[in-house]
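Note: the block below is structure.txt and it holds compact mmCIF, C-alpha atoms and all ligand atoms.
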# COMPACT_ATOMS: atom_id res chain seq x y z
CA MET A 31 79.36 93.65 82.15
CA THR A 32 82.23 91.66 83.52
CA THR A 33 83.41 91.65 87.13
CA PRO A 34 86.74 93.28 87.95
CA CYS A 35 89.60 91.10 89.19
CA ILE A 36 92.40 92.82 91.07
CA ILE A 37 95.72 91.47 89.82
CA THR A 38 98.43 91.74 92.45
CA VAL A 39 102.01 91.41 91.31
CA ALA A 40 104.55 90.24 93.89
CA ILE A 41 107.64 91.45 92.12
CA THR A 42 110.63 90.35 94.20
CA GLY A 43 110.11 88.37 97.40
CA SER A 44 112.81 87.42 99.83
CA VAL A 45 114.14 84.10 98.57
CA PRO A 46 117.96 84.16 98.40
CA ARG A 47 119.45 85.13 95.06
CA LYS A 48 120.90 81.70 94.37
CA VAL A 49 117.45 80.35 93.57
CA ASP A 50 116.27 83.53 91.87
CA THR A 51 116.44 84.12 88.18
CA ALA A 52 118.05 87.10 86.57
CA ALA A 53 114.51 88.29 85.90
CA VAL A 54 113.84 89.02 89.57
CA PRO A 55 114.12 92.79 90.08
CA VAL A 56 116.42 93.61 92.96
CA THR A 57 117.74 97.16 92.65
CA VAL A 58 115.40 100.12 93.12
CA ALA A 59 115.56 100.95 89.41
CA GLU A 60 114.82 97.34 88.43
CA GLN A 61 111.90 97.17 90.85
CA ILE A 62 110.33 100.35 89.50
CA GLU A 63 110.84 99.26 85.89
CA SER A 64 109.44 95.79 86.52
CA THR A 65 106.43 97.22 88.37
CA HIS A 66 105.77 99.63 85.53
CA GLU A 67 105.76 96.81 82.97
CA ALA A 68 103.43 94.79 85.19
CA PHE A 69 101.13 97.81 85.64
CA GLU A 70 100.90 98.25 81.88
CA ALA A 71 100.11 94.53 81.58
CA GLY A 72 97.14 94.84 83.97
CA ALA A 73 98.39 94.69 87.57
CA ALA A 74 96.78 97.27 89.85
CA LEU A 75 98.48 96.33 93.13
CA VAL A 76 102.16 95.70 93.80
CA HIS A 77 103.52 93.71 96.75
CA VAL A 78 107.01 94.93 97.61
CA HIS A 79 110.02 93.52 99.45
CA VAL A 80 113.32 95.35 99.12
CA ARG A 81 116.90 94.06 99.13
CA ASP A 82 120.15 95.60 100.32
CA ASP A 83 123.24 96.10 98.16
CA ASP A 84 124.19 92.46 98.74
CA GLU A 85 120.71 91.51 97.50
CA LYS A 86 119.66 90.25 100.93
CA PRO A 87 116.17 91.06 102.29
CA SER A 88 116.28 94.51 103.82
CA SER A 89 114.28 96.71 106.17
CA ASP A 90 115.88 99.89 104.89
CA VAL A 91 113.24 102.61 105.06
CA GLY A 92 115.06 104.76 102.51
CA ARG A 93 114.96 101.94 100.03
CA PHE A 94 111.24 101.42 100.53
CA ALA A 95 110.73 105.17 100.12
CA ALA A 96 112.66 105.24 96.85
CA VAL A 97 110.64 102.35 95.43
CA GLN A 98 107.37 103.91 96.58
CA ASP A 99 108.24 107.29 95.04
CA GLY A 100 109.22 105.71 91.74
CA ILE A 101 106.07 103.61 91.52
CA ARG A 102 103.85 106.57 92.39
CA GLN A 103 105.52 108.57 89.65
CA HIS A 104 105.44 105.92 86.91
CA CYS A 105 102.26 103.99 87.76
CA PRO A 106 99.55 106.54 88.60
CA GLY A 107 97.10 105.29 91.20
CA MET A 108 98.66 101.84 91.54
CA ILE A 109 98.18 100.41 95.04
CA ILE A 110 101.46 99.92 96.88
CA GLN A 111 101.66 97.17 99.48
CA PHE A 112 104.79 96.70 101.59
CA SER A 113 105.64 93.28 102.94
CA THR A 114 106.13 93.04 106.69
CA GLY A 115 107.30 89.46 106.10
CA GLY A 116 109.96 87.77 108.08
CA ARG A 117 112.83 86.18 106.23
CA GLY A 118 116.15 87.64 107.31
CA ARG A 119 114.60 90.45 109.32
CA GLU A 120 114.17 91.01 113.03
CA LEU A 121 110.66 91.45 114.42
CA SER A 122 111.54 94.97 115.50
CA GLU A 123 112.51 95.95 111.93
CA ARG A 124 109.59 94.47 110.10
CA GLY A 125 107.19 97.38 110.54
CA ALA A 126 109.76 100.18 110.32
CA MET A 127 108.74 101.23 106.79
CA LEU A 128 105.09 101.66 107.78
CA ARG A 129 105.96 105.22 108.69
CA LEU A 130 106.02 105.84 104.91
CA ARG A 131 102.25 105.28 104.90
CA PRO A 132 101.95 102.90 101.95
CA ASP A 133 98.38 102.17 100.79
CA MET A 134 98.59 98.66 102.22
CA ALA A 135 100.88 96.27 104.06
CA SER A 136 100.89 92.53 104.54
CA LEU A 137 99.95 91.17 107.96
CA ALA A 138 100.49 87.46 108.60
CA THR A 139 98.04 86.48 111.33
CA GLY A 140 99.94 83.55 112.78
CA SER A 141 103.20 81.63 112.83
CA VAL A 142 103.95 78.78 110.47
CA ASN A 143 106.76 76.50 109.35
CA PHE A 144 108.26 77.35 105.98
CA PRO A 145 110.52 74.80 104.28
CA THR A 146 113.70 75.92 106.05
CA PHE A 147 112.65 78.23 108.87
CA VAL A 148 109.85 79.25 111.21
CA TYR A 149 107.88 82.23 110.01
CA GLU A 150 107.41 83.76 113.40
CA ASN A 151 104.44 86.03 114.16
CA PRO A 152 103.76 86.07 117.91
CA PRO A 153 100.31 87.30 118.99
CA GLU A 154 101.50 90.59 120.50
CA PHE A 155 103.61 91.34 117.43
CA ILE A 156 100.60 90.81 115.15
CA ARG A 157 98.51 93.12 117.33
CA SER A 158 101.14 95.83 117.35
CA LEU A 159 101.53 95.74 113.55
CA ALA A 160 97.75 95.81 113.15
CA ARG A 161 97.51 98.78 115.52
CA THR A 162 100.23 100.68 113.63
CA MET A 163 98.42 100.05 110.34
CA LEU A 164 95.06 101.09 111.75
CA ASP A 165 96.47 104.30 113.22
CA GLY A 166 98.38 105.07 110.02
CA GLY A 167 95.45 104.54 107.65
CA ILE A 168 97.28 101.60 106.04
CA LYS A 169 95.04 98.76 104.92
CA PRO A 170 96.32 95.34 105.98
CA GLU A 171 96.20 92.34 103.72
CA CYS A 172 95.86 89.44 106.13
CA GLU A 173 98.17 86.72 104.83
CA LEU A 174 96.70 83.32 105.62
CA PHE A 175 99.24 80.53 105.31
CA ASP A 176 97.15 78.12 107.33
CA LEU A 177 93.58 77.66 108.48
CA ALA A 178 94.06 78.98 112.01
CA MET A 179 95.17 82.34 110.64
CA LEU A 180 91.72 82.92 109.20
CA TYR A 181 90.17 82.72 112.66
CA HIS A 182 92.95 84.85 114.13
CA ALA A 183 92.15 87.53 111.53
CA ALA A 184 88.48 87.37 112.55
CA GLY A 185 89.62 87.81 116.15
CA LEU A 186 91.50 90.99 115.22
CA LEU A 187 88.36 92.27 113.53
CA ARG A 188 86.32 91.59 116.68
CA GLU A 189 88.96 93.37 118.75
CA GLY A 190 88.65 96.42 116.53
CA LEU A 191 92.19 96.05 115.23
CA LEU A 192 91.04 95.63 111.63
CA ALA A 193 88.81 98.12 109.85
CA GLU A 194 85.30 97.12 108.80
CA ARG A 195 86.07 95.59 105.37
CA PRO A 196 89.14 93.40 105.79
CA HIS A 197 91.10 91.99 102.90
CA VAL A 198 92.57 88.51 103.16
CA GLN A 199 94.95 86.48 101.05
CA PHE A 200 94.98 82.69 100.97
CA VAL A 201 98.56 81.61 100.33
CA MET A 202 98.66 78.01 99.14
CA GLY A 203 101.35 75.54 98.27
CA ILE A 204 104.24 76.34 100.62
CA ALA A 205 105.68 73.10 102.01
CA GLY A 206 104.86 73.05 105.73
CA ALA A 207 101.85 75.35 105.35
CA GLN A 208 98.49 74.76 103.67
CA PRO A 209 98.60 72.82 100.40
CA ALA A 210 97.15 74.12 97.14
CA LYS A 211 93.90 72.15 97.12
CA ARG A 212 90.70 73.55 95.73
CA SER A 213 88.62 71.79 98.39
CA ILE A 214 90.57 73.64 101.07
CA LEU A 215 90.05 76.99 99.38
CA GLU A 216 86.33 76.32 99.00
CA PHE A 217 86.04 75.38 102.66
CA GLU A 218 87.92 78.49 103.73
CA LEU A 219 85.70 80.68 101.56
CA ARG A 220 82.60 79.31 103.25
CA GLU A 221 84.16 80.03 106.63
CA LEU A 222 85.23 83.50 105.50
CA LYS A 223 81.68 84.32 104.47
CA GLU A 224 80.42 83.26 107.86
CA ILE A 225 82.98 84.94 110.11
CA MET A 226 83.99 87.99 108.01
CA PRO A 227 81.09 88.52 105.60
CA HIS A 228 82.37 91.87 104.32
CA ALA A 229 85.88 90.69 103.52
CA THR A 230 87.39 90.71 100.06
CA TRP A 231 89.89 88.01 99.14
CA THR A 232 92.82 87.09 96.94
CA ALA A 233 94.46 83.70 96.49
CA ALA A 234 98.07 82.95 95.65
CA GLY A 235 99.61 79.63 94.64
CA LEU A 236 103.32 79.04 94.97
CA GLY A 237 105.59 77.58 92.32
CA ARG A 238 103.86 75.09 90.07
CA HIS A 239 100.52 75.89 91.73
CA GLN A 240 100.54 79.53 90.70
CA LEU A 241 98.46 79.27 87.55
CA GLU A 242 96.06 76.68 88.95
CA VAL A 243 95.20 78.93 91.91
CA ASN A 244 94.73 81.89 89.53
CA HIS A 245 92.05 79.83 87.74
CA TRP A 246 90.28 78.99 91.01
CA ALA A 247 90.26 82.61 92.19
CA LEU A 248 88.87 83.84 88.88
CA GLU A 249 86.14 81.22 88.92
CA LEU A 250 85.22 81.61 92.59
CA GLY A 251 84.96 85.39 92.46
CA GLY A 252 88.17 86.35 94.20
CA HIS A 253 91.20 88.31 93.15
CA CYS A 254 94.51 87.01 91.83
CA ARG A 255 98.12 87.28 92.87
CA THR A 256 100.97 86.45 90.58
CA GLY A 257 104.59 87.53 90.16
CA LEU A 258 108.12 86.23 90.38
CA GLU A 259 108.08 86.12 94.19
CA ASP A 260 105.77 83.12 93.99
CA ASN A 261 107.21 81.67 90.79
CA ILE A 262 110.87 81.21 91.50
CA ARG A 263 110.93 77.88 93.25
CA TYR A 264 110.59 74.29 92.11
CA ASP A 265 110.73 74.05 88.34
CA LYS A 266 113.48 76.19 86.92
CA SER A 267 112.80 75.14 83.35
CA ARG A 268 109.42 76.83 83.47
CA LEU A 269 110.41 80.08 85.13
CA ALA A 270 108.73 83.19 83.83
CA LYS A 271 110.90 85.75 82.09
CA SER A 272 109.32 88.75 83.78
CA ASN A 273 106.62 89.91 86.17
CA ALA A 274 104.75 91.39 83.21
CA GLU A 275 104.62 87.97 81.53
CA LEU A 276 102.92 86.50 84.60
CA VAL A 277 100.47 89.41 84.87
CA ARG A 278 99.59 89.11 81.19
CA ARG A 279 98.85 85.42 81.71
CA VAL A 280 96.21 86.27 84.34
CA ALA A 281 94.86 89.25 82.37
CA ASP A 282 94.39 86.99 79.34
CA LEU A 283 92.49 84.44 81.44
CA CYS A 284 90.03 86.95 82.86
CA GLY A 285 87.71 86.84 79.82
CA ASP A 286 87.20 83.09 80.24
CA TYR A 287 85.54 83.79 83.59
CA ASP A 288 83.60 86.97 82.70
CA ARG A 289 86.17 89.03 84.53
CA HIS A 290 88.43 91.89 83.53
CA PRO A 291 91.63 93.19 85.11
CA ALA A 292 90.58 95.87 87.62
CA SER A 293 91.99 99.32 86.97
CA ALA A 294 93.74 101.12 89.80
CA THR A 295 90.60 103.23 90.31
CA GLU A 296 88.35 100.17 90.46
CA THR A 297 90.78 98.50 92.85
CA ARG A 298 90.65 101.48 95.20
CA GLU A 299 86.85 101.27 95.20
CA ILE A 300 86.78 97.52 95.80
CA LEU A 301 89.25 97.74 98.69
CA GLY A 302 87.80 100.94 100.12
CA LEU A 303 91.04 102.85 99.66
CA PRO A 304 91.08 106.61 99.13
CA ALA A 305 91.45 107.85 95.57
CA ALA A 306 95.06 108.40 94.57
CA SER A 307 96.29 111.95 95.02
CA PRO A 308 97.16 113.52 91.67
ZN ZN A 401 106.01 88.70 100.00

Go through the file and emit its structure as structure tokens.
Ligand code: ZN
Amino acid sequence: MTTPCIITVAITGSVPRKVDTAAVPVTVAEQIESTHEAFEAGAALVHVHVRDDDEKPSSDVGRFAAVQDGIRQHCPGMIIQFSTGGRGRELSERGAMLRLRPDMASLATGSVNFPTFVYENPPEFIRSLARTMLDGGIKPECELFDLAMLYHAAGLLREGLLAERPHVQFVMGIAGAQPAKRSILEFELRELKEIMPHATWTAAGLGRHQLEVNHWALELGGHCRTGLEDNIRYDKSRLAKSNAELVRRVADLCGDYDRHPASATETREILGLPAASP
């Protein structure tokens, strides 16, 4: 018996088009198609940003709805996670699409410098997003870009703003935030066990760290994130051709660590999400 590994695919992201590749899905149809290919390759969870017609990051609720409908139709049971992330969006817009009741949404539990801007998440804003998610039955994925955010997430749990079994994501390798170092991940996992013993976790490495962090997560018993959102910076000669290619790379590695790609049903059990409606 091998242990399931949830493979999250972050299909699009919010980095401006000039540093994207043609492979990054931007239109609704492209996003649904790319998610479907990734689902068939072994991804059970999709992390979604949407763009407007000029390909800029968008908060358009209709756009989120169209992507969600398409994914539900083509990828039965797949877990849909909307990004409440910041680039190019006002604080007031960032939670607007939560009214669509996706399975999950990202929740950054602190502010941090990114290479060219401040990723701003003031305390009251974090609380209000967490409250909206809790009331809407939307499971947060606490995005931890730096050590302090782990303890802030634990604080939300103590305050009753996170449900009993939180899910966290260690994001590593963004310049200005925490580096992709295994010793840091191992330290954070020890802390996680102490302060949020029931939490599940995923790790993501950016750019050239993507694959390396996948290996660590598989070995250390966590779950993996991959996808073009995290792959599009740094080394353009080694860019992946598709989200499915990146998912396949993780799926193929699972066996080396006595793991297998979690199905959508297994993923719902692991994360304590309700079964998908038929
Ligand atoms: Zn994202």

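Residue nearest A:Asp165, chosen from A:Leu192, A:Val97, A:Met31, A:Val142 and counting all atoms listed in the file: A:Leu192.
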
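For the choices A:Ala68, A:Leu186, A:Ile101, A:Met202, the atom-to-atom distance to A:Arg279 is smallest for A:Ala68 when using only C-alpha atoms.
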
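In this comparison, which uses only C-alpha atoms and all ligand atoms, the residue of A:Ala53, A:Ala247, A:Ala234, A:Leu187 approaching ligand ZN 401 (chain A) most closely is A:Ala234.
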
With all atoms of stretch 56-70 of chain A from the file as input, state the centre and edge lengths in Å to one decimal of the axis-aligned box that has 8 Å extra on each side, as AutoDock Vina command-line options.
--center_x 109.3 --center_y 97.3 --center_z 87.5 --size_x 32.8 --size_y 23.3 --size_z 27.2

For the interface of chain A with ligand ZN 401 (chain A) (cut-off 7 Å, counting all atoms listed in the file), please tabulate each contacting residue of chain A alongside its nearest pair of atoms and their separation in Å to one decimal, rows sorted by chain and increasing number, as JSON lines.
{"residue": "A:Ala40", "atom": "CA", "partner": "A:ZN401", "partner_atom": "ZN", "distance": 6.5}
{"residue": "A:Gly43", "atom": "CA", "partner": "A:ZN401", "partner_atom": "ZN", "distance": 4.9}
{"residue": "A:Ser44", "atom": "CA", "partner": "A:ZN401", "partner_atom": "ZN", "distance": 6.9}
{"residue": "A:His77", "atom": "CA", "partner": "A:ZN401", "partner_atom": "ZN", "distance": 6.5}
{"residue": "A:Val78", "atom": "CA", "partner": "A:ZN401", "partner_atom": "ZN", "distance": 6.7}
{"residue": "A:His79", "atom": "CA", "partner": "A:ZN401", "partner_atom": "ZN", "distance": 6.3}
{"residue": "A:Ser113", "atom": "CA", "partner": "A:ZN401", "partner_atom": "ZN", "distance": 5.5}
{"residue": "A:Gly115", "atom": "CA", "partner": "A:ZN401", "partner_atom": "ZN", "distance": 6.3}
{"residue": "A:Glu259", "atom": "CA", "partner": "A:ZN401", "partner_atom": "ZN", "distance": 6.7}

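Each of A:Glu60, A:Cys35, A:Ile156, A:Leu191 was compared to A:Asp282 using only C-alpha atoms, and A:Cys35 turns out to be the nearest.
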
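Considering the residues A:Asp288, A:Asp260, A:Ala294, A:Val198 and counting all atoms listed in the file, A:Val54 has its shortest atom-to-atom contact with A:Asp260.
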
Exercise. Taking only C-alpha atoms into account, which of A:Leu248, A:Met179, A:Ile37, A:Cys254 comes nearest A:Gly235?
Worked result: A:Cys254

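If you count only C-alpha atoms and draw a sphere of 10 Å around (89.8, 97.9, 101.0), the protein and nucleic acid residues inside it come out as Asp133, Met134, Ile168, Lys169, Pro170, Glu171, Ala193, Glu194, Arg195, Pro196, His197, Ala229, Thr230, Thr297, Arg298, Glu299, Ile300, Leu301, Gly302, Leu303 and Pro304 of chain A.
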
For this session: List every protein, DNA or RNA residue that has at least one atom no more than 6 Å from (99.2, 94.0, 97.6) in the file's coordinates, counting only C-alpha atoms, and write the result as an MDAnalysis selection string.
Result: chainID A and resid 38 75:77 111

Please provide as a PDB file with C-alpha atoms, in the coordinates of the input all residues within 12 Å of A:Gln98, with the sequence filter that same-chain residues fewer than 5 positions apart are discarded (counting only C-alpha atoms).
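The new file out.pdb reads:
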ATOM      1  CA  VAL A  58     115.400 100.120  93.120  1.00  0.00           C
ATOM      2  CA  ALA A  59     115.560 100.950  89.410  1.00  0.00           C
ATOM      3  CA  GLN A  61     111.900  97.170  90.850  1.00  0.00           C
ATOM      4  CA  ILE A  62     110.330 100.350  89.500  1.00  0.00           C
ATOM      5  CA  THR A  65     106.430  97.220  88.370  1.00  0.00           C
ATOM      6  CA  HIS A  66     105.770  99.630  85.530  1.00  0.00           C
ATOM      7  CA  VAL A  76     102.160  95.700  93.800  1.00  0.00           C
ATOM      8  CA  HIS A  77     103.520  93.710  96.750  1.00  0.00           C
ATOM      9  CA  VAL A  78     107.010  94.930  97.610  1.00  0.00           C
ATOM     10  CA  HIS A  79     110.020  93.520  99.450  1.00  0.00           C
ATOM     11  CA  VAL A  80     113.320  95.350  99.120  1.00  0.00           C
ATOM     12  CA  VAL A  91     113.240 102.610 105.060  1.00  0.00           C
ATOM     13  CA  GLY A  92     115.060 104.760 102.510  1.00  0.00           C
ATOM     14  CA  ARG A  93     114.960 101.940 100.030  1.00  0.00           C
ATOM     15  CA  GLN A 103     105.520 108.570  89.650  1.00  0.00           C
ATOM     16  CA  HIS A 104     105.440 105.920  86.910  1.00  0.00           C
ATOM     17  CA  CYS A 105     102.260 103.990  87.760  1.00  0.00           C
ATOM     18  CA  PRO A 106      99.550 106.540  88.600  1.00  0.00           C
ATOM     19  CA  GLY A 107      97.100 105.290  91.200  1.00  0.00           C
ATOM     20  CA  MET A 108      98.660 101.840  91.540  1.00  0.00           C
ATOM     21  CA  ILE A 109      98.180 100.410  95.040  1.00  0.00           C
ATOM     22  CA  ILE A 110     101.460  99.920  96.880  1.00  0.00           C
ATOM     23  CA  GLN A 111     101.660  97.170  99.480  1.00  0.00           C
ATOM     24  CA  PHE A 112     104.790  96.700 101.590  1.00  0.00           C
ATOM     25  CA  MET A 127     108.740 101.230 106.790  1.00  0.00           C
ATOM     26  CA  LEU A 128     105.090 101.660 107.780  1.00  0.00           C
ATOM     27  CA  LEU A 130     106.020 105.840 104.910  1.00  0.00           C
ATOM     28  CA  ARG A 131     102.250 105.280 104.900  1.00  0.00           C
ATOM     29  CA  PRO A 132     101.950 102.900 101.950  1.00  0.00           C
ATOM     30  CA  ASP A 133      98.380 102.170 100.790  1.00  0.00           C
ATOM     31  CA  MET A 134      98.590  98.660 102.220  1.00  0.00           C
TER      32      MET A 134
END

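Note that the spacing between atom CA of A:Ala281 and atom CA of A:Glu173 amounts to 22.8 Å.
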
Seminar exercise, completed: atom CA of A:Ala71 sits from atom CA of A:Gly252 at a separation of 19.2 Å

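Excluding A:Glu120 and any residue on its chain fewer than 4 positions from it, the residues at most 9 Å away by only C-alpha atoms are Ser89, Gly116 and Arg124 of chain A.
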
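Atom pair atom CA of A:Arg161 / atom CA of A:Ser136: separated by 13.1 Å.
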
Using all atoms listed in the file, determine which residues lie at most 8 Å from stretch 218-223 of chain A, disregarding the query and same-chain residues fewer than 4 positions distant; provide the list as a compact mmCIF listing (two decimals) with C-alpha atoms, keeping the file's coordinate frame.
# COMPACT_ATOMS: atom_id res chain seq x y z
CA LEU A 177 93.58 77.66 108.48
CA LEU A 180 91.72 82.92 109.20
CA ILE A 214 90.57 73.64 101.07
CA PRO A 227 81.09 88.52 105.60
CA HIS A 228 82.37 91.87 104.32
CA ALA A 229 85.88 90.69 103.52

Could I get stretch 139-162 of chain A rebuilt with N, CA, C and O atoms, written as a compact mmCIF listing (two decimals), in the frame of the given file?
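Result file is result32.txt:
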# COMPACT_ATOMS: atom_id res chain seq x y z
N THR A 139 98.77 86.56 110.05
CA THR A 139 98.04 86.48 111.33
C THR A 139 98.30 85.17 112.07
O THR A 139 97.41 84.60 112.67
N GLY A 140 99.56 84.73 112.02
CA GLY A 140 99.94 83.55 112.78
C GLY A 140 101.34 83.11 112.39
O GLY A 140 101.90 83.62 111.42
N SER A 141 101.88 82.18 113.15
CA SER A 141 103.20 81.63 112.83
C SER A 141 103.04 80.32 112.07
O SER A 141 102.03 79.64 112.20
N VAL A 142 104.05 79.98 111.30
CA VAL A 142 103.95 78.78 110.47
C VAL A 142 105.35 78.30 110.12
O VAL A 142 106.29 79.09 110.09
N ASN A 143 105.49 77.01 109.87
CA ASN A 143 106.76 76.50 109.35
C ASN A 143 106.84 76.73 107.86
O ASN A 143 105.91 76.37 107.13
N PHE A 144 107.93 77.33 107.40
CA PHE A 144 108.26 77.35 105.98
C PHE A 144 109.29 76.25 105.75
O PHE A 144 109.75 75.63 106.70
N PRO A 145 109.65 75.96 104.51
CA PRO A 145 110.52 74.80 104.28
C PRO A 145 111.81 74.79 105.12
O PRO A 145 112.23 73.73 105.58
N THR A 146 112.42 75.94 105.34
CA THR A 146 113.70 75.92 106.05
C THR A 146 113.74 76.79 107.30
O THR A 146 114.78 76.92 107.93
N PHE A 147 112.63 77.40 107.65
CA PHE A 147 112.65 78.23 108.87
C PHE A 147 111.23 78.43 109.39
O PHE A 147 110.26 78.08 108.71
N VAL A 148 111.16 78.94 110.62
CA VAL A 148 109.85 79.25 111.21
C VAL A 148 109.51 80.69 110.85
O VAL A 148 110.30 81.60 111.10
N TYR A 149 108.34 80.86 110.28
CA TYR A 149 107.88 82.23 110.01
C TYR A 149 107.14 82.68 111.26
O TYR A 149 106.01 82.28 111.52
N GLU A 150 107.84 83.49 112.04
CA GLU A 150 107.41 83.76 113.40
C GLU A 150 106.56 85.03 113.48
O GLU A 150 107.01 86.11 113.09
N ASN A 151 105.34 84.88 113.97
CA ASN A 151 104.44 86.03 114.16
C ASN A 151 103.71 85.87 115.49
O ASN A 151 102.56 85.42 115.52
N PRO A 152 104.38 86.23 116.58
CA PRO A 152 103.76 86.07 117.91
C PRO A 152 102.53 86.98 118.04
O PRO A 152 102.46 88.03 117.39
N PRO A 153 101.57 86.56 118.88
CA PRO A 153 100.31 87.30 118.99
C PRO A 153 100.48 88.80 119.25
O PRO A 153 99.82 89.61 118.61
N GLU A 154 101.36 89.16 120.18
CA GLU A 154 101.50 90.59 120.50
C GLU A 154 102.11 91.38 119.35
O GLU A 154 101.80 92.54 119.13
N PHE A 155 102.99 90.71 118.60
CA PHE A 155 103.61 91.34 117.43
C PHE A 155 102.54 91.61 116.36
O PHE A 155 102.48 92.69 115.77
N ILE A 156 101.67 90.63 116.14
CA ILE A 156 100.60 90.81 115.15
C ILE A 156 99.72 91.99 115.56
O ILE A 156 99.39 92.85 114.75
N ARG A 157 99.37 92.03 116.85
CA ARG A 157 98.51 93.12 117.33
C ARG A 157 99.18 94.47 117.15
O ARG A 157 98.54 95.44 116.75
N SER A 158 100.48 94.53 117.44
CA SER A 158 101.14 95.83 117.35
C SER A 158 101.25 96.29 115.90
O SER A 158 101.06 97.46 115.59
N LEU A 159 101.52 95.35 114.98
CA LEU A 159 101.53 95.74 113.55
C LEU A 159 100.14 96.19 113.12
O LEU A 159 99.99 97.20 112.41
N ALA A 160 99.12 95.46 113.54
CA ALA A 160 97.75 95.81 113.15
C ALA A 160 97.38 97.20 113.69
O ALA A 160 96.77 98.01 112.99
N ARG A 161 97.79 97.48 114.91
CA ARG A 161 97.51 98.78 115.52
C ARG A 161 98.21 99.90 114.75
O ARG A 161 97.62 100.94 114.45
N THR A 162 99.48 99.67 114.40
CA THR A 162 100.23 100.68 113.63
C THR A 162 99.55 100.95 112.29
O THR A 162 99.43 102.09 111.85
